[in-house]
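See structure below.
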Amino acid sequence: MDNLITFSIAVFTAFFAITNPISNMTVFLSLTQGASKKTKQDINKRSNFIAFIIVAVFVLLGKYIFELFNISIPAFKITGGILIFFIGFDMLQSKQSNVKTIDNVDIDENIAVSPLAIPILAGPGTIVTAMNFVAKAETIHIVLVIAIFGSMSLLTYFTFRLSDLIVKIVGNNVISVIGKIMGLIIAIIGTGMIITGIKLAFNFIA
C-alpha cells in the first residue's frame with residue numbers, strides 16, 4: 001500500500017508539473033480571447049476530454065508499442081528523460097512554444113483539438129511521462145496512472161473555467177514564477193529518468 005501511495009504521489013507530481021494547469025490557463029485565455037462564455041466552456045470541455053483520451057490510449061497500448069518497435073526500457077527512459085529535461089529547461093529560460101498563441105484568427109472550436117489538446121495538454125512530454133510510469137508496470141499501476149491523469153484533466157478543466165477570476169486575483173507575475181518552478185521540477189524529473197535508464201542499461205538496479 002505504501003508503495004502505491006508513493007507511486008501515486010510521484011505520478012501526480014510529474015503530471016502536474018508537465019501539464020502545468022496554472023501556466024496553461026494563460027494560453028487558454030489567449031486562444032479564446034473574445035469568445036462567448038459558452039464557446040469558452042465548450043472548448044474547455046472538449047480539449048480536456050480529448051487530451052485524456054490520448055494519454056489513456058498511450059498508457060493502455062504502451063507495452064504493445066514497446067514490443068512492436070522493439071523499444072528497450074533503458075533506451076526509452078534515457079530518451080524520454082532528455083526530452084522532458086529540455087522541456088523543463090525551456091520553461092526555466094522563459095521560452096514559449098510556437099503553438100501557444102494564434103493571431104488574427106476567428107474563434108474556432110477546433111482549437112480544442114489543436115493546439116489545446118495536442119500538444120499543449122497532451123504533448124510529447126505528457127505522453128512520455130505517462131508511458132514511463134507504465135513501462136514494466138502491473139495492472140494496478142496502469143489504472144492509477146489513467147485515474148490520476150483523469151483527475152489532472154478535471155483540475156485543468158476547473159482551472160480554465162475559473163481562469164478570468166484567477167488571473168485577476170493572482171496576477172501574471174505570480175503565474176510566471178509558478179511556471180518557472182514547474183520548469184525546474186520537470187527538469188529534475190527528466191534527469192531522474194536519465195539516471196534510472198543508465199542504471200537499468202548497465203544492470204545497476206533490477
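For the C-alpha cells, the naming scheme is as follows: chains receive sequential letters (A, B, ...) according to their order of presentation, residues are indexed from 1 within each chain, and ligands are indexed from 1 in presentation order.
Every protein or nucleic acid residue with an atom no more than 6 Å from Leu116 in chain A, counting only C-alpha atoms and leaving out same-chain residues fewer than 4 positions away, appears here: Ser47, Ala112 and Ile120 of chain A.
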Residue nearest Val55 in chain A among A:Val134, A:Ile181, A:Ala75, A:Ala35 (counting only C-alpha atoms): A:Val134
In range 3-203 of chain A, DSSP alpha helix (DSSP H) residues written as JSON, numbers by chain: {"A": [3, 4, 5, 6, 7, 8, 9, 10, 11, 12, 13, 14, 15, 16, 17, 18, 19, 21, 22, 23, 24, 25, 26, 27, 28, 29, 30, 31, 37, 38, 39, 40, 41, 42, 43, 44, 45, 46, 47, 48, 49, 50, 51, 52, 53, 54, 55, 56, 57, 58, 59, 60, 61, 62, 63, 64, 65, 66, 67, 68, 73, 74, 75, 76, 77, 78, 79, 80, 81, 82, 83, 84, 85, 86, 87, 88, 89, 90, 91, 92, 124, 125, 126, 127, 128, 129, 130, 131, 132, 133, 134, 139, 140, 141, 142, 143, 144, 145, 146, 147, 148, 149, 150, 151, 152, 153, 154, 155, 156, 157, 158, 159, 160, 161, 163, 164, 165, 166, 167, 168, 169, 170, 172, 173, 174, 175, 176, 177, 178, 179, 180, 181, 182, 183, 184, 185, 186, 187, 188, 189, 190, 191, 192, 193, 194, 195, 196, 197, 198, 199, 200, 201]}
Taking into account only C-alpha atoms, which residue in the set A:Ala187, A:Ile111, A:Val11, A:Ala137 is nearest to Ile73 in chain A? A:Ala137
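Taking only C-alpha atoms, the non-local environment of range 86-94 of chain A within 7 Å (same-chain residues fewer than 4 positions away omitted) comprises Ile82, Gly179, Lys180, Gly183, Leu184, Ile186 and Ala187 of chain A.
The protein and nucleic acid residues lying at most 12 Å from Ser151 in chain A are Ser8, Val11, Phe12, Phe15, Phe16, Pro21, Asn48, Phe49, Phe52, Leu144, Val145, Ile146, Ala147, Ile148, Phe149, Ser153, Leu154, Leu155, Thr156, Tyr157 and Phe158 of chain A, with only C-alpha atoms considered and sequence neighbours fewer than 2 positions away removed.
From CA of Phe28 in chain A back to CA of Phe160 in chain A, the distance works out to 6.8 Å.
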Give me the residues within 12 Å of Ser163 in chain A as a PyMOL selection string, counting only C-alpha atoms and dropping any in the same chain fewer than 3 places off. chain A and resi 21-30+32-33+37+40-41+44+155-160+166-172+175
Residues from last step as file, N, CA, C and O atoms, as a tab-separated table (two decimals), in the first residue's frame:
```tsv
chain	number	residue	atom	x	y	z
A	21	PRO	N	-1.30	23.31	-15.18
A	21	PRO	CA	-2.61	23.95	-15.39
A	21	PRO	C	-2.60	25.46	-15.22
A	21	PRO	O	-3.28	26.17	-15.96
A	22	ILE	N	-1.82	25.95	-14.26
A	22	ILE	CA	-1.79	27.39	-13.99
A	22	ILE	C	-1.19	28.15	-15.17
A	22	ILE	O	-1.74	29.15	-15.64
A	23	SER	N	-0.05	27.67	-15.66
A	23	SER	CA	0.60	28.32	-16.79
A	23	SER	C	-0.24	28.21	-18.06
A	23	SER	O	-0.40	29.17	-18.82
A	24	ASN	N	-0.79	27.01	-18.30
A	24	ASN	CA	-1.60	26.80	-19.50
A	24	ASN	C	-2.91	27.57	-19.47
A	24	ASN	O	-3.54	27.76	-20.51
A	25	MET	N	-3.30	28.01	-18.28
A	25	MET	CA	-4.50	28.81	-18.15
A	25	MET	C	-4.39	30.10	-18.97
A	25	MET	O	-5.35	30.53	-19.62
A	26	THR	N	-3.20	30.72	-18.95
A	26	THR	CA	-3.00	31.94	-19.73
A	26	THR	C	-3.04	31.64	-21.23
A	26	THR	O	-3.45	32.48	-22.02
A	27	VAL	N	-2.60	30.43	-21.60
A	27	VAL	CA	-2.67	30.02	-23.01
A	27	VAL	C	-4.13	29.90	-23.43
A	27	VAL	O	-4.53	30.38	-24.50
A	28	PHE	N	-4.92	29.28	-22.57
A	28	PHE	CA	-6.35	29.12	-22.85
A	28	PHE	C	-7.02	30.48	-23.02
A	28	PHE	O	-7.82	30.68	-23.94
A	29	LEU	N	-6.67	31.42	-22.15
A	29	LEU	CA	-7.26	32.75	-22.22
A	29	LEU	C	-6.90	33.46	-23.52
A	29	LEU	O	-7.74	34.12	-24.14
A	30	SER	N	-5.64	33.31	-23.94
A	30	SER	CA	-5.21	34.00	-25.16
A	30	SER	C	-5.86	33.39	-26.40
A	30	SER	O	-6.22	34.09	-27.34
A	32	THR	N	-8.78	31.88	-26.52
A	32	THR	CA	-10.24	32.07	-26.53
A	32	THR	C	-10.65	33.52	-26.31
A	32	THR	O	-11.81	33.80	-26.04
A	33	GLN	N	-9.69	34.43	-26.45
A	33	GLN	CA	-9.99	35.85	-26.23
A	33	GLN	C	-11.08	36.32	-27.20
A	33	GLN	O	-10.98	36.10	-28.41
A	37	LYS	N	-18.92	33.11	-23.41
A	37	LYS	CA	-18.72	32.23	-22.27
A	37	LYS	C	-19.03	30.78	-22.63
A	37	LYS	O	-18.31	29.85	-22.25
A	40	LYS	N	-16.24	29.32	-24.80
A	40	LYS	CA	-15.08	29.03	-23.96
A	40	LYS	C	-15.26	27.70	-23.22
A	40	LYS	O	-14.34	26.88	-23.16
A	41	GLN	N	-16.43	27.50	-22.66
A	41	GLN	CA	-16.67	26.28	-21.88
A	41	GLN	C	-16.72	25.05	-22.79
A	41	GLN	O	-16.26	23.97	-22.40
A	44	ASN	N	-13.17	24.30	-23.57
A	44	ASN	CA	-12.56	23.77	-22.34
A	44	ASN	C	-12.87	22.29	-22.16
A	44	ASN	O	-11.98	21.46	-21.97
A	155	LEU	N	-8.84	18.90	-12.94
A	155	LEU	CA	-8.24	20.08	-12.33
A	155	LEU	C	-7.98	21.15	-13.38
A	155	LEU	O	-8.25	22.34	-13.15
A	156	THR	N	-7.48	20.73	-14.53
A	156	THR	CA	-7.23	21.68	-15.62
A	156	THR	C	-8.54	22.29	-16.10
A	156	THR	O	-8.61	23.50	-16.38
A	157	TYR	N	-9.58	21.47	-16.20
A	157	TYR	CA	-10.89	21.96	-16.63
A	157	TYR	C	-11.40	23.07	-15.71
A	157	TYR	O	-11.81	24.14	-16.17
A	158	PHE	N	-11.34	22.84	-14.40
A	158	PHE	CA	-11.83	23.84	-13.46
A	158	PHE	C	-10.92	25.07	-13.43
A	158	PHE	O	-11.39	26.19	-13.20
A	159	THR	N	-9.61	24.85	-13.65
A	159	THR	CA	-8.69	25.98	-13.71
A	159	THR	C	-9.03	26.87	-14.89
A	159	THR	O	-9.07	28.10	-14.77
A	160	PHE	N	-9.27	26.24	-16.06
A	160	PHE	CA	-9.65	27.01	-17.24
A	160	PHE	C	-11.00	27.71	-17.02
A	160	PHE	O	-11.19	28.85	-17.45
A	166	ILE	N	-9.05	33.87	-11.67
A	166	ILE	CA	-7.73	33.55	-11.09
A	166	ILE	C	-6.69	34.58	-11.50
A	166	ILE	O	-5.88	35.03	-10.68
A	167	VAL	N	-6.68	34.96	-12.78
A	167	VAL	CA	-5.71	35.95	-13.26
A	167	VAL	C	-5.91	37.29	-12.55
A	167	VAL	O	-4.94	37.96	-12.18
A	168	LYS	N	-7.16	37.67	-12.33
A	168	LYS	CA	-7.43	38.93	-11.64
A	168	LYS	C	-6.92	38.91	-10.20
A	168	LYS	O	-6.39	39.89	-9.69
A	169	ILE	N	-7.08	37.75	-9.54
A	169	ILE	CA	-6.69	37.64	-8.13
A	169	ILE	C	-5.18	37.47	-7.97
A	169	ILE	O	-4.54	38.14	-7.15
A	170	VAL	N	-4.61	36.56	-8.75
A	170	VAL	CA	-3.19	36.20	-8.58
A	170	VAL	C	-2.25	37.15	-9.29
A	170	VAL	O	-1.23	37.57	-8.73
A	171	GLY	N	-2.55	37.46	-10.52
A	171	GLY	CA	-1.67	38.33	-11.30
A	171	GLY	C	-0.74	37.54	-12.20
A	171	GLY	O	-0.35	36.41	-11.88
A	172	ASN	N	-0.33	38.14	-13.30
A	172	ASN	CA	0.51	37.46	-14.28
A	172	ASN	C	1.91	37.16	-13.76
A	172	ASN	O	2.52	36.16	-14.14
A	175	ILE	N	1.95	33.94	-11.77
A	175	ILE	CA	1.79	32.81	-12.68
A	175	ILE	C	3.10	32.51	-13.39
A	175	ILE	O	3.47	31.35	-13.60
```
May I have the residues within 9 Å of Ile84 in chain A as number ranges by chain, using only C-alpha atoms and disregarding those fewer than 6 positions away in the same chain? A: 18, 124-126, 128-129, 186-191, 193
So that I can check the surroundings of Arg46 in chain A, please list as an MDAnalysis selection string every protein, DNA and RNA residue that reaches within 9 Å of it, counting only C-alpha atoms and ignoring chain neighbours fewer than 3 positions away. chainID A and resid 41:43 49:51 109 112:113 117
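Picture a line from CA of Thr13 in chain A to CA of Ala130 in chain A; it runs 11.9 Å.
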re CA of Val174 in chain A and CA of Thr19 in chain A: distance 17.4 Å
